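Next comes target_22.txt, with compact mmCIF, C-alpha atoms.
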# COMPACT_ATOMS: atom_id res chain seq x y z
CA MET W 1442 0.00 0.00 0.00
CA LYS W 1443 2.77 2.37 1.00
CA GLU W 1444 4.62 1.41 -2.14
CA ASP W 1445 1.55 2.12 -4.17
CA LEU W 1446 1.18 5.60 -2.74
CA LEU W 1447 4.77 6.35 -3.51
CA GLU W 1448 4.39 5.12 -7.04
CA LYS W 1449 1.31 7.07 -7.99
CA PRO W 1450 -0.04 10.11 -6.19
CA ILE W 1451 -3.78 9.67 -5.90
CA GLU W 1452 -5.86 12.01 -8.08
CA CYS W 1453 -2.81 13.79 -9.37
CA GLU W 1454 -3.99 15.39 -12.59
CA ALA W 1455 -0.52 16.05 -13.91
CA PRO W 1456 1.45 12.90 -13.19
CA ASN W 1457 4.93 12.26 -14.43
CA LEU W 1458 4.47 9.19 -16.60
CA GLN W 1459 7.92 9.15 -18.08
CA LYS W 1460 9.84 6.01 -17.20
CA LYS W 1461 13.21 7.65 -17.60
CA ARG W 1462 14.09 9.65 -14.50
CA GLU W 1463 15.09 13.29 -15.02
CA THR W 1464 17.25 15.54 -12.90
CA GLY W 1465 18.75 19.03 -12.87
CA ILE W 1466 19.30 20.26 -16.40
CA GLY W 1467 16.72 17.85 -17.82
CA LEU W 1468 14.07 19.56 -15.73
CA LEU W 1469 14.97 23.02 -16.98
CA LYS W 1470 13.06 22.43 -20.19
CA TYR W 1471 9.82 22.47 -18.21
CA MET W 1472 10.81 25.84 -16.81
CA VAL W 1473 11.32 27.14 -20.34
CA VAL W 1474 7.84 25.93 -21.34
CA GLY W 1475 6.52 27.59 -18.18
CA VAL W 1476 8.17 30.89 -19.12
CA PHE W 1477 6.43 30.90 -22.50
CA PHE W 1478 3.16 29.87 -20.89
CA GLY W 1479 3.48 32.70 -18.38
CA ILE W 1480 4.29 35.31 -21.02
CA ILE W 1481 1.32 34.30 -23.17
CA MET W 1482 -1.06 34.34 -20.19
CA VAL W 1483 0.02 37.82 -19.16
CA LYS W 1484 0.00 39.22 -22.70
CA SER W 1485 -3.48 37.90 -23.40
CA GLU W 1486 -4.62 39.34 -20.05
CA VAL W 1487 -6.16 36.05 -18.89
CA ILE W 1488 -4.48 36.70 -15.52
CA SER W 1489 -6.39 39.96 -15.21
CA TRP W 1490 -9.05 40.23 -12.52
CA PHE W 1491 -10.98 42.50 -14.90
CA ARG W 1492 -11.01 39.88 -17.66
CA ILE W 1493 -12.31 37.22 -15.27
CA GLN W 1494 -15.12 39.57 -14.21
CA GLU W 1495 -15.89 40.25 -17.86
CA MET W 1496 -16.05 36.51 -18.50
CA PHE W 1497 -18.38 35.71 -15.59
CA ARG W 1498 -20.61 38.61 -16.63
CA LEU W 1499 -20.75 37.24 -20.21
CA GLN W 1500 -19.75 40.65 -21.51
CA SER W 1501 -16.91 39.63 -23.81
CA PHE W 1502 -15.87 36.68 -25.90
CA HIS W 1503 -12.17 37.11 -25.07
CA MET W 1504 -11.73 34.53 -22.26
CA TYR W 1505 -14.05 32.04 -23.94
CA GLY W 1506 -12.04 32.47 -27.14
CA VAL W 1507 -8.73 31.89 -25.35
CA ILE W 1508 -9.86 28.79 -23.43
CA GLY W 1509 -11.92 27.44 -26.33
CA SER W 1510 -9.14 27.72 -28.90
CA ALA W 1511 -6.60 26.29 -26.43
CA VAL W 1512 -8.85 23.25 -25.94
CA PHE W 1513 -9.33 22.96 -29.71
CA VAL W 1514 -5.57 22.91 -30.35
CA GLY W 1515 -5.01 20.51 -27.44
CA MET W 1516 -7.69 18.16 -28.75
CA ILE W 1517 -6.31 18.04 -32.28
CA SER W 1518 -2.78 17.55 -30.92
CA ILE W 1519 -3.77 14.59 -28.75
CA PHE W 1520 -5.75 13.11 -31.63
CA LEU W 1521 -2.70 13.33 -33.91
CA ILE W 1522 -0.33 11.98 -31.25
CA LYS W 1523 -2.59 8.95 -30.76
CA LYS W 1524 -3.34 8.44 -34.44
CA PHE W 1525 0.26 8.49 -35.58
CA ASN W 1526 1.58 7.02 -32.35
CA ILE W 1527 4.07 9.87 -32.01
CA LYS W 1528 6.76 9.04 -29.44
CA THR W 1529 8.25 11.30 -26.78
CA LEU W 1530 11.77 12.73 -27.03
CA SER W 1531 13.14 9.75 -25.14
CA GLY W 1532 11.28 7.38 -27.42
CA GLU W 1533 8.48 6.38 -25.04
CA LYS W 1534 4.85 5.91 -25.96
CA VAL W 1535 2.71 8.87 -24.84
CA VAL W 1536 0.55 7.85 -21.88
CA ILE W 1537 -2.37 9.90 -20.60
CA GLN W 1538 -4.34 8.79 -17.54
CA ASP W 1539 -8.10 8.75 -17.73
CA LYS W 1540 -9.94 11.00 -15.28
CA GLU W 1541 -12.24 9.16 -12.92
CA PHE W 1542 -15.52 10.78 -12.04
CA ARG W 1543 -15.81 11.86 -8.40
CA LYS W 1544 -18.21 14.03 -6.47
CA GLY W 1545 -15.25 16.33 -5.84
CA GLN W 1546 -15.42 17.52 -9.42
CA ILE W 1547 -18.87 18.93 -8.62
CA ILE W 1548 -18.38 20.21 -5.06
CA GLY W 1549 -14.71 21.11 -5.32
CA GLY W 1550 -15.21 22.50 -8.81
CA PHE W 1551 -17.95 24.81 -7.54
CA ILE W 1552 -15.79 25.97 -4.60
CA PHE W 1553 -12.89 26.68 -6.93
CA GLY W 1554 -15.25 28.69 -9.18
CA LEU W 1555 -16.28 30.83 -6.21
CA GLY W 1556 -12.62 31.52 -5.45
CA TRP W 1557 -11.74 32.14 -9.11
CA ALA W 1558 -14.26 34.98 -9.33
CA ILE W 1559 -12.88 36.60 -6.15
CA THR W 1560 -9.15 36.31 -6.80
CA GLY W 1561 -9.39 36.62 -10.57
CA ALA W 1562 -6.95 33.75 -10.81
CA CYS W 1563 -6.63 30.01 -11.11
CA PRO W 1564 -3.43 28.46 -9.72
CA GLY W 1565 -1.35 29.21 -12.86
CA PRO W 1566 -2.22 32.91 -13.04
CA LEU W 1567 -1.41 33.30 -9.32
CA PHE W 1568 2.25 32.66 -10.14
CA ALA W 1569 2.11 34.95 -13.17
CA GLN W 1570 0.43 37.76 -11.20
CA ILE W 1571 3.21 37.62 -8.61
CA GLY W 1572 5.79 37.69 -11.41
CA THR W 1573 4.34 40.80 -13.03
CA GLY W 1574 4.86 42.65 -9.75
CA PHE W 1575 1.72 42.12 -7.69
CA THR W 1576 3.65 40.86 -4.68
CA ILE W 1577 0.50 41.00 -2.56
CA VAL W 1578 -0.72 37.91 -4.46
CA VAL W 1579 1.87 35.95 -2.45
CA VAL W 1580 -0.72 36.13 0.33
CA THR W 1581 -3.33 34.61 -1.99
CA LEU W 1582 -0.87 31.89 -3.00
CA ILE W 1583 -0.13 31.03 0.64
CA SER W 1584 -3.87 30.88 1.31
CA ALA W 1585 -4.24 28.55 -1.67
CA LEU W 1586 -1.50 26.33 -0.24
CA VAL W 1587 -3.32 26.30 3.10
CA GLY W 1588 -6.53 25.36 1.24
CA THR W 1589 -4.72 22.53 -0.53
CA TRP W 1590 -3.26 21.32 2.75
CA VAL W 1591 -6.61 21.42 4.56
CA TYR W 1592 -8.14 19.42 1.72
CA GLY W 1593 -5.35 16.85 2.08
CA LYS W 1594 -5.96 16.65 5.80
CA LEU W 1595 -9.72 16.13 5.37
CA ALA W 1596 -9.54 14.13 2.13
CA ASP W 1597 -10.84 10.83 3.53
CA LYS W 1598 -13.67 12.51 5.47
CA LEU W 1599 -15.14 14.47 2.55
CA PRO W 1600 -17.66 12.96 0.15
CA ASN W 1601 -15.91 11.93 -3.03
CA MET Z 75 13.36 46.44 -32.87
CA GLU Z 76 11.46 49.16 -31.06
CA LYS Z 77 8.47 48.51 -33.30
CA LEU Z 78 8.66 44.82 -32.48
CA ILE Z 79 8.64 45.56 -28.75
CA ASP Z 80 5.70 47.94 -29.22
CA TRP Z 81 3.86 45.22 -31.06
CA ILE Z 82 4.59 42.58 -28.40
CA SER Z 83 3.60 45.01 -25.67
CA GLN Z 84 0.01 45.30 -26.90
CA PRO Z 85 -2.55 42.91 -25.44
CA TRP Z 86 -2.65 39.79 -27.61
CA PRO Z 87 -5.96 38.73 -29.18
CA TRP Z 88 -7.57 35.44 -28.15
CA TYR Z 89 -6.94 33.74 -31.49
CA VAL Z 90 -3.19 34.20 -31.03
CA ALA Z 91 -2.95 33.44 -27.31
CA GLY Z 92 -5.45 30.55 -27.11
CA PRO Z 93 -3.81 28.28 -29.72
CA LEU Z 94 -0.35 29.03 -28.28
CA LEU Z 95 -1.54 28.10 -24.78
CA GLY Z 96 -3.12 24.95 -26.21
CA LEU Z 97 0.24 23.91 -27.68
CA THR Z 98 1.48 23.40 -24.10
CA VAL Z 99 -0.48 20.12 -24.14
CA PRO Z 100 1.46 18.38 -26.95
CA VAL Z 101 4.75 20.05 -26.02
CA LEU Z 102 4.67 18.66 -22.46
CA LEU Z 103 3.53 15.25 -23.67
CA LEU Z 104 6.26 15.03 -26.26
CA ILE Z 105 9.20 16.42 -24.31
CA GLY Z 106 8.64 14.17 -21.32
CA ASN Z 107 5.29 12.35 -21.18
CA LYS Z 108 3.82 14.98 -18.87
CA SER Z 109 0.11 15.68 -18.68
CA PHE Z 110 -0.54 19.38 -18.36
CA GLY Z 111 -1.91 20.55 -15.00
CA ILE Z 112 -0.90 23.36 -12.71
CA SER Z 113 -2.78 23.00 -9.43
CA SER Z 114 -0.77 19.82 -8.64
CA SER Z 115 2.14 22.14 -7.98
CA LEU Z 116 0.35 23.38 -4.85
CA ARG Z 117 0.03 19.81 -3.66
CA HIS Z 118 3.70 19.09 -4.34
CA ILE Z 119 4.70 22.18 -2.35
CA CYS Z 120 2.58 20.92 0.58
CA ALA Z 121 4.09 17.44 0.22
CA ALA Z 122 7.59 18.91 0.16
CA CYS Z 123 7.19 21.43 2.99
CA VAL Z 124 4.47 20.29 5.42
CA PRO Z 125 3.57 16.63 4.72
CA ALA Z 126 2.70 16.06 8.43
CA LYS Z 127 2.36 12.29 7.78
CA ILE Z 128 -0.93 12.91 5.94
CA PRO Z 129 -1.44 10.07 3.41
CA PHE Z 130 -2.51 12.60 0.74
CA PHE Z 131 0.92 14.19 0.91
CA SER Z 132 2.94 10.99 1.36
CA TYR Z 133 4.30 10.35 -2.09
CA ASP Z 134 7.51 10.92 -3.97
CA TRP Z 135 7.01 14.61 -4.82
CA LYS Z 136 10.52 14.77 -6.27
CA LYS Z 137 9.33 12.57 -9.11
CA GLU Z 138 6.82 15.34 -9.90
CA ALA Z 139 9.41 18.11 -9.60
CA TRP Z 140 8.94 19.03 -13.27
CA ASN Z 141 5.65 20.66 -12.22
CA LEU Z 142 7.48 22.98 -9.81
CA TYR Z 143 9.97 23.93 -12.52
CA PHE Z 144 7.01 24.72 -14.76
CA VAL Z 145 5.27 27.05 -12.29
CA PHE Z 146 8.56 28.73 -11.47
CA GLY Z 147 8.85 29.37 -15.20
CA VAL Z 148 5.34 30.88 -15.20
CA LEU Z 149 6.47 33.29 -12.48
CA VAL Z 150 9.59 34.19 -14.47
CA GLY Z 151 7.43 34.66 -17.59
CA GLY Z 152 5.29 37.12 -15.63
CA MET Z 153 8.44 38.95 -14.56
CA ILE Z 154 9.75 39.18 -18.11
CA VAL Z 155 6.52 40.78 -19.29
CA GLY Z 156 6.37 43.02 -16.23
CA LEU Z 157 9.90 44.29 -16.81
CA PHE Z 158 10.13 44.49 -20.59
CA PHE Z 159 6.85 44.11 -22.46
CA SER Z 160 4.14 45.41 -20.21
CA ASN Z 161 1.27 47.27 -21.77
CA PRO Z 162 1.57 50.97 -20.89
CA GLU Z 163 -2.12 51.54 -21.62
CA ALA Z 164 -4.97 50.84 -19.23
CA VAL Z 165 -6.76 47.49 -19.46
CA VAL Z 166 -9.75 47.77 -21.76
CA VAL Z 167 -12.71 45.60 -20.89
CA ALA Z 168 -16.30 45.81 -22.14
CA GLU Z 169 -18.10 49.04 -21.28
CA SER Z 170 -20.84 47.05 -19.59
CA THR Z 171 -18.23 45.44 -17.33
CA GLN Z 172 -16.76 48.84 -16.47
CA LYS Z 173 -20.21 50.06 -15.54
CA ASP Z 174 -20.94 47.00 -13.38
CA LEU Z 175 -17.60 47.27 -11.61
CA GLU Z 176 -18.01 50.99 -11.04
CA ALA Z 177 -21.17 50.17 -9.10
CA LEU Z 178 -19.00 47.93 -6.89
CA GLY Z 179 -16.45 50.70 -6.38
CA ILE Z 180 -13.78 49.52 -8.84
CA THR Z 181 -12.57 52.22 -11.23
CA GLN Z 182 -8.76 51.86 -11.54
CA TYR Z 183 -7.79 50.14 -14.80
CA SER Z 184 -4.14 51.14 -15.03
CA ASN Z 185 -2.92 47.62 -14.15
CA LEU Z 186 -4.03 44.06 -14.84
CA LEU Z 187 -5.48 43.89 -11.33
CA PRO Z 188 -7.49 46.68 -9.67
CA SER Z 189 -5.23 48.62 -7.32
CA GLU Z 190 -8.19 49.30 -5.00
CA ILE Z 191 -8.13 45.61 -4.04
CA PHE Z 192 -4.64 44.31 -4.73
CA ASN Z 193 -2.31 46.35 -2.56
CA TRP Z 194 -0.39 45.69 0.65
CA GLN Z 195 -2.40 48.27 2.62
CA ASN Z 196 -5.34 45.87 2.44
CA VAL Z 197 -3.52 42.88 3.81
CA PHE Z 198 -4.79 43.01 7.40
CA THR Z 199 -8.20 44.45 6.58
CA LEU Z 200 -11.55 42.90 5.79
CA LYS Z 201 -10.79 43.48 2.11
CA GLY Z 202 -7.64 41.42 2.41
CA LEU Z 203 -9.44 38.71 4.30
CA VAL Z 204 -12.05 38.37 1.55
CA PHE Z 205 -9.86 38.74 -1.54
CA PHE Z 206 -6.58 37.13 -0.50
CA VAL Z 207 -7.27 34.75 2.38
CA PHE Z 208 -10.81 33.59 1.67
CA GLY Z 209 -10.45 33.67 -2.13
CA GLY Z 210 -7.07 31.97 -2.15
CA PHE Z 211 -8.23 29.27 0.25
CA MET Z 212 -11.15 28.39 -2.02
CA VAL Z 213 -8.88 28.22 -5.07
CA GLY Z 214 -6.50 25.82 -3.30
CA PHE Z 215 -9.14 23.74 -1.56
CA GLY Z 216 -11.51 23.61 -4.53
CA THR Z 217 -8.95 22.69 -7.19
CA ARG Z 218 -7.54 19.90 -5.07
CA TYR Z 219 -11.00 18.57 -4.20
CA ALA Z 220 -11.90 18.69 -7.89
CA GLY Z 221 -8.60 17.03 -8.82
CA GLY Z 222 -7.58 19.82 -11.16
CA CYS Z 223 -8.06 23.39 -12.32
CA THR Z 224 -8.56 25.20 -15.59
CA SER Z 225 -5.38 23.65 -16.98
CA GLY Z 226 -5.72 20.07 -15.72
CA HIS Z 227 -9.45 19.70 -16.33
CA ALA Z 228 -10.63 22.38 -18.78
CA ILE Z 229 -7.64 22.28 -21.14
CA MET Z 230 -5.91 18.91 -20.65
CA GLY Z 231 -8.93 16.84 -19.60
CA ILE Z 232 -11.33 18.07 -22.27
CA SER Z 233 -8.59 17.85 -24.93
CA ASN Z 234 -8.36 14.17 -24.02
CA LEU Z 235 -12.16 13.86 -24.23
CA GLN Z 236 -12.64 13.08 -20.53
CA TRP Z 237 -16.24 13.67 -19.51
CA PRO Z 238 -15.44 14.11 -15.78
CA SER Z 239 -13.37 17.10 -16.85
CA VAL Z 240 -16.36 18.55 -18.69
CA VAL Z 241 -18.38 18.18 -15.47
CA ALA Z 242 -15.61 19.86 -13.46
CA THR Z 243 -15.36 22.74 -15.94
CA ILE Z 244 -19.13 23.30 -15.85
CA PHE Z 245 -18.97 23.56 -12.06
CA PHE Z 246 -15.96 25.91 -12.19
CA MET Z 247 -18.10 28.20 -14.32
CA LEU Z 248 -21.22 27.80 -12.15
CA GLY Z 249 -19.19 28.70 -9.06
CA GLY Z 250 -17.83 31.76 -10.82
CA PHE Z 251 -21.26 32.89 -11.99
CA ALA Z 252 -22.69 32.39 -8.50
CA MET Z 253 -19.91 34.41 -6.87
CA THR Z 254 -20.00 37.22 -9.43
CA HIS Z 255 -23.76 37.68 -9.52
CA LEU Z 256 -25.01 36.49 -6.14
CA PHE Z 257 -22.33 36.93 -3.48
CA LEU Z 258 -19.69 39.40 -4.67
CA PRO Z 259 -21.81 42.59 -4.37
CA THR Z 260 -22.66 41.80 -0.72
CA LEU Z 261 -19.15 40.60 0.11
CA MET Z 262 -17.65 43.77 -1.31
CA LYS Z 263 -20.10 45.94 0.58
CA ILE Z 264 -19.27 44.19 3.87
CA ALA Z 265 -15.55 44.50 3.12
CA GLY Z 266 -15.96 48.25 2.77
CA PHE Z 267 -15.88 49.06 -0.95

Let me see the structure of the file written as structure tokens.
Amino acid sequence: MKEDLLEKPIECEAPNLQKKRETGIGLLKYMVVGVFFGIIMVKSEVISWFRIQEMFRLQSFHMYGVIGSAVFVGMISIFLIKKFNIKTLSGEKVVIQDKEFRKGQIIGGFIFGLGWAITGACPGPLFAQIGTGFTIVVVTLISALVGTWVYGKLADKLPN
Amino acid sequence: MEKLIDWISQPWPWYVAGPLLGLTVPVLLLIGNKSFGISSSLRHICAACVPAKIPFFSYDWKKEAWNLYFVFGVLVGGMIVGLFFSNPEAVVVAESTQKDLEALGITQYSNLLPSEIFNWQNVFTLKGLVFFVFGGFMVGFGTRYAGGCTSGHAIMGISNLQWPSVVATIFFMLGGFAMTHLFLPTLMKIAGF
């Protein structure tokens, strides 16, 4: 059981499924991807509290356009990767875990939505907001870490 | 060169930014078999710093370290824009949004976040409690309970045709609508806006 936990974090939506272990320099490439991701998020203003308000008030297509076209490109990419069995850089087969349905996606999803409309940020934009100079968002990030921790503490007592 | 920087400094339209953000999905899969998802980073930080023998945080977080490199990159990306390519103009949102927000007491559009809310003077006030502590807690708690956020569920999950991710995304949106239209006006009034 212990072994199992160590092998695969439960409910982790972004697991490392590469067999080859990476260290140091090998991990830097993910930072580079993160840098581009951060720049694009800031430049398209999706990290803006104003844009999130605009989205939840259905007063602009902007956010829906960004998320919708990102999903569209992601979908076609995964389709092509599967269809042509495109391998990873280290020659492994691409593996994507299926998502299991849980009540948490309803209850937790709703709670996250409430928080999203207040902070104007999902977890990714929190980091980008801090980077652009809103150091006060560090407080929001710490609160989000506390929220994550409290969930972990209560995980087996909550309906899921 | 100056023209290029001017051009980069403008806000980017959705049809440029959205597809570029979507490319993160195949890039991460192909460079290292990684499924895109950001909120896991919060869990890894908990597992690394305060695991407290909780089973949920007892796993080999070092194996997932790529996720921490990624979010550190996001922070650096924000810094690069903040230092070199930030938009000198005010944020332009729909007029109807401006009108709605004015009614709530928000009128400063010079930055990406309203300075009336997001400043250090608010940190120990009711405003800070609502917007930073309460809001942040719900983001962290909710994403973990849901097993993902906008990246893990809405972008990665739906791209991989996972119906639980569609459910999660619908409830993200419902939560946001509920907060914006039902609770936010009262919350902001109580907080002193």

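The smallest atom-to-atom distance between Ile1559 (chain W) and any of Z:Gly202, Z:Pro162, Z:Pro93, Z:Gly209, using all atoms listed in the file, is found for Z:Gly209.
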
- Select, from Z:Gly111, Z:Pro129, Z:Gly151, Z:Gly216, the residue with the minimum atom-to-atom distance to Val1587 (chain W), counting only C-alpha atoms.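 Of Z:Gly111, Z:Pro129, Z:Gly151, Z:Gly216, the one nearest Val1587 (chain W), counting only C-alpha atoms, is Z:Gly216.
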
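Closest approach to Val1507 (chain W) among Z:Thr224, Z:Phe211, Z:Gly250, Z:Val148: Z:Thr224, based on all atoms listed in the file.
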
- Query: Nearest to Phe1513 (chain W): which of Z:Asn161, Z:Ile79, Z:Ala242, Z:Ala228 is it, counting only C-alpha atoms?
  - Reply: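 For Phe1513 (chain W), the nearest of the candidates is Z:Ala228.
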
- Task: For CA of Ile1481 (chain W) and CA of Thr98 (chain Z), determine how far apart the two atoms are, in Å to one decimal place.
- Result: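 Taking CA of Ile1481 (chain W) and CA of Thr98 (chain Z), their separation equals 10.9 Å.
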
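By only C-alpha atoms, and with residues fewer than 2 positions from Val1473 (chain W) along its chain excluded, the set lying at most 9 Å from it is W:Leu1469, W:Lys1470, W:Tyr1471, W:Gly1475, W:Val1476, W:Phe1477, W:Phe1478, Z:Tyr143, Z:Phe144, Z:Gly147, Z:Val148, Z:Gly151.
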
- Task: Just give me the residues with any atom within 6 Å of (-4.1, 22.1, -18.7), file coordinates, counting all atoms listed in the file, written as a list in words.
- Result: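 Neighbouring residues, ordered by chain and number, come to Phe110, Gly111, Ser225, Gly226, Ile229 and Met230 of chain Z.
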
- Item | Non-local contacts of Gln1570 (chain W) (10 Å; only C-alpha atoms; under 3 positions in same chain excluded) as a ChimeraX atom specification | /W:1479,1482-1483,1488-1490,1561-1562,1565-1567,1573-1579 /Z:148-149,151-153,156,186-187

- Give as number ranges by chain the set of residues within 10 Å of the point (-22.4, 47.2, -7.7), where distances use the file's coordinates and all atoms listed in the file. Z: 173-180, 255, 258-260, 262-263, 267

- Would you mind reading off the distance between CA of Ala164 (chain Z) and CA of Asn185 (chain Z), one decimal, in Å?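 According to the coordinates, CA of Ala164 (chain Z) and CA of Asn185 (chain Z) are separated by 6.4 Å.
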
- Query: What's the 12 Å shell around Glu169 (chain Z), counting all atoms listed in the file, without same-chain residues fewer than 6 positions away, as a PyMOL selection string?
  - Reply: (chain W and resi 1491+1495+1498+1500-1501) or (chain Z and resi 175-176+181)

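Close contacts of Gly1545 (chain W), defined as residues with an atom at most 9 Å away when counting all atoms listed in the file, with chain neighbours fewer than 4 positions off set aside, comprise Gly1549, Gly1550, Leu1599, Pro1600 and Asn1601 of chain W; Gly216, Arg218, Tyr219, Ala220, Gly221 and Ala242 of chain Z.
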
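Omitting Met247 (chain Z) and its sequence neighbours fewer than 6 positions away, and counting only C-alpha atoms, the residues within 9 Å are Phe1497, Gly1550, Phe1551, Gly1554 and Leu1555 of chain W.
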
Next, dump the selected residues to file, keeping only C-alpha atoms, as a PDB file, in the frame of the given file.
ATOM      1  CA  PHE W1497     -18.380  35.710 -15.590  1.00  0.00           C
ATOM      2  CA  GLY W1550     -15.210  22.500  -8.810  1.00  0.00           C
ATOM      3  CA  PHE W1551     -17.950  24.810  -7.540  1.00  0.00           C
ATOM      4  CA  GLY W1554     -15.250  28.690  -9.180  1.00  0.00           C
ATOM      5  CA  LEU W1555     -16.280  30.830  -6.210  1.00  0.00           C
TER       6      LEU W1555
END

- From the list W:Lys1544, W:Gln1459, W:Lys1598, W:Gly1588, the nearest residue to Cys120 (chain Z) using all atoms listed in the file is W:Gly1588

- Task: Measuring atom to atom with only C-alpha atoms, identify which of W:Phe1553, W:Phe1502, W:Phe1525, W:Phe1520 is nearest to chain Z.
- Result: W:Phe1553

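Coordinates place CA of Thr1529 (chain W) at a distance of 17.8 Å from CA of Gly96 (chain Z).
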
Using the incomplete input, complete region 1478-1491 of chain W to the level of N, CA and C atoms; output as a compact mmCIF listing (two decimals), keeping the file's coordinate frame.
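Result file out_31.txt:
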# COMPACT_ATOMS: atom_id res chain seq x y z
N PHE W 1478 4.54 29.93 -21.35
CA PHE W 1478 3.16 29.87 -20.89
C PHE W 1478 2.80 31.13 -20.09
N GLY W 1479 3.71 31.51 -19.20
CA GLY W 1479 3.48 32.70 -18.38
C GLY W 1479 3.38 33.96 -19.22
N ILE W 1480 4.30 34.11 -20.17
CA ILE W 1480 4.29 35.31 -21.02
C ILE W 1480 2.97 35.41 -21.79
N ILE W 1481 2.55 34.27 -22.37
CA ILE W 1481 1.32 34.30 -23.17
C ILE W 1481 0.11 34.63 -22.29
N MET W 1482 0.08 34.05 -21.07
CA MET W 1482 -1.06 34.34 -20.19
C MET W 1482 -1.12 35.81 -19.82
N VAL W 1483 0.04 36.40 -19.55
CA VAL W 1483 0.02 37.82 -19.16
C VAL W 1483 -0.35 38.68 -20.37
N LYS W 1484 0.26 38.38 -21.53
CA LYS W 1484 0.00 39.22 -22.70
C LYS W 1484 -1.44 39.13 -23.18
N SER W 1485 -2.09 38.00 -22.96
CA SER W 1485 -3.48 37.90 -23.40
C SER W 1485 -4.42 38.33 -22.28
N GLU W 1486 -3.84 38.79 -21.17
CA GLU W 1486 -4.62 39.34 -20.05
C GLU W 1486 -5.52 38.33 -19.36
N VAL W 1487 -5.30 37.03 -19.57
CA VAL W 1487 -6.16 36.05 -18.89
C VAL W 1487 -5.86 36.00 -17.39
N ILE W 1488 -4.76 36.64 -16.96
CA ILE W 1488 -4.48 36.70 -15.52
C ILE W 1488 -5.08 37.95 -14.91
N SER W 1489 -5.83 38.71 -15.72
CA SER W 1489 -6.39 39.96 -15.21
C SER W 1489 -7.71 39.73 -14.48
N TRP W 1490 -7.80 40.29 -13.30
CA TRP W 1490 -9.05 40.23 -12.52
C TRP W 1490 -10.21 40.81 -13.33
N PHE W 1491 -9.92 41.86 -14.10
CA PHE W 1491 -10.98 42.50 -14.90
C PHE W 1491 -11.51 41.55 -15.97
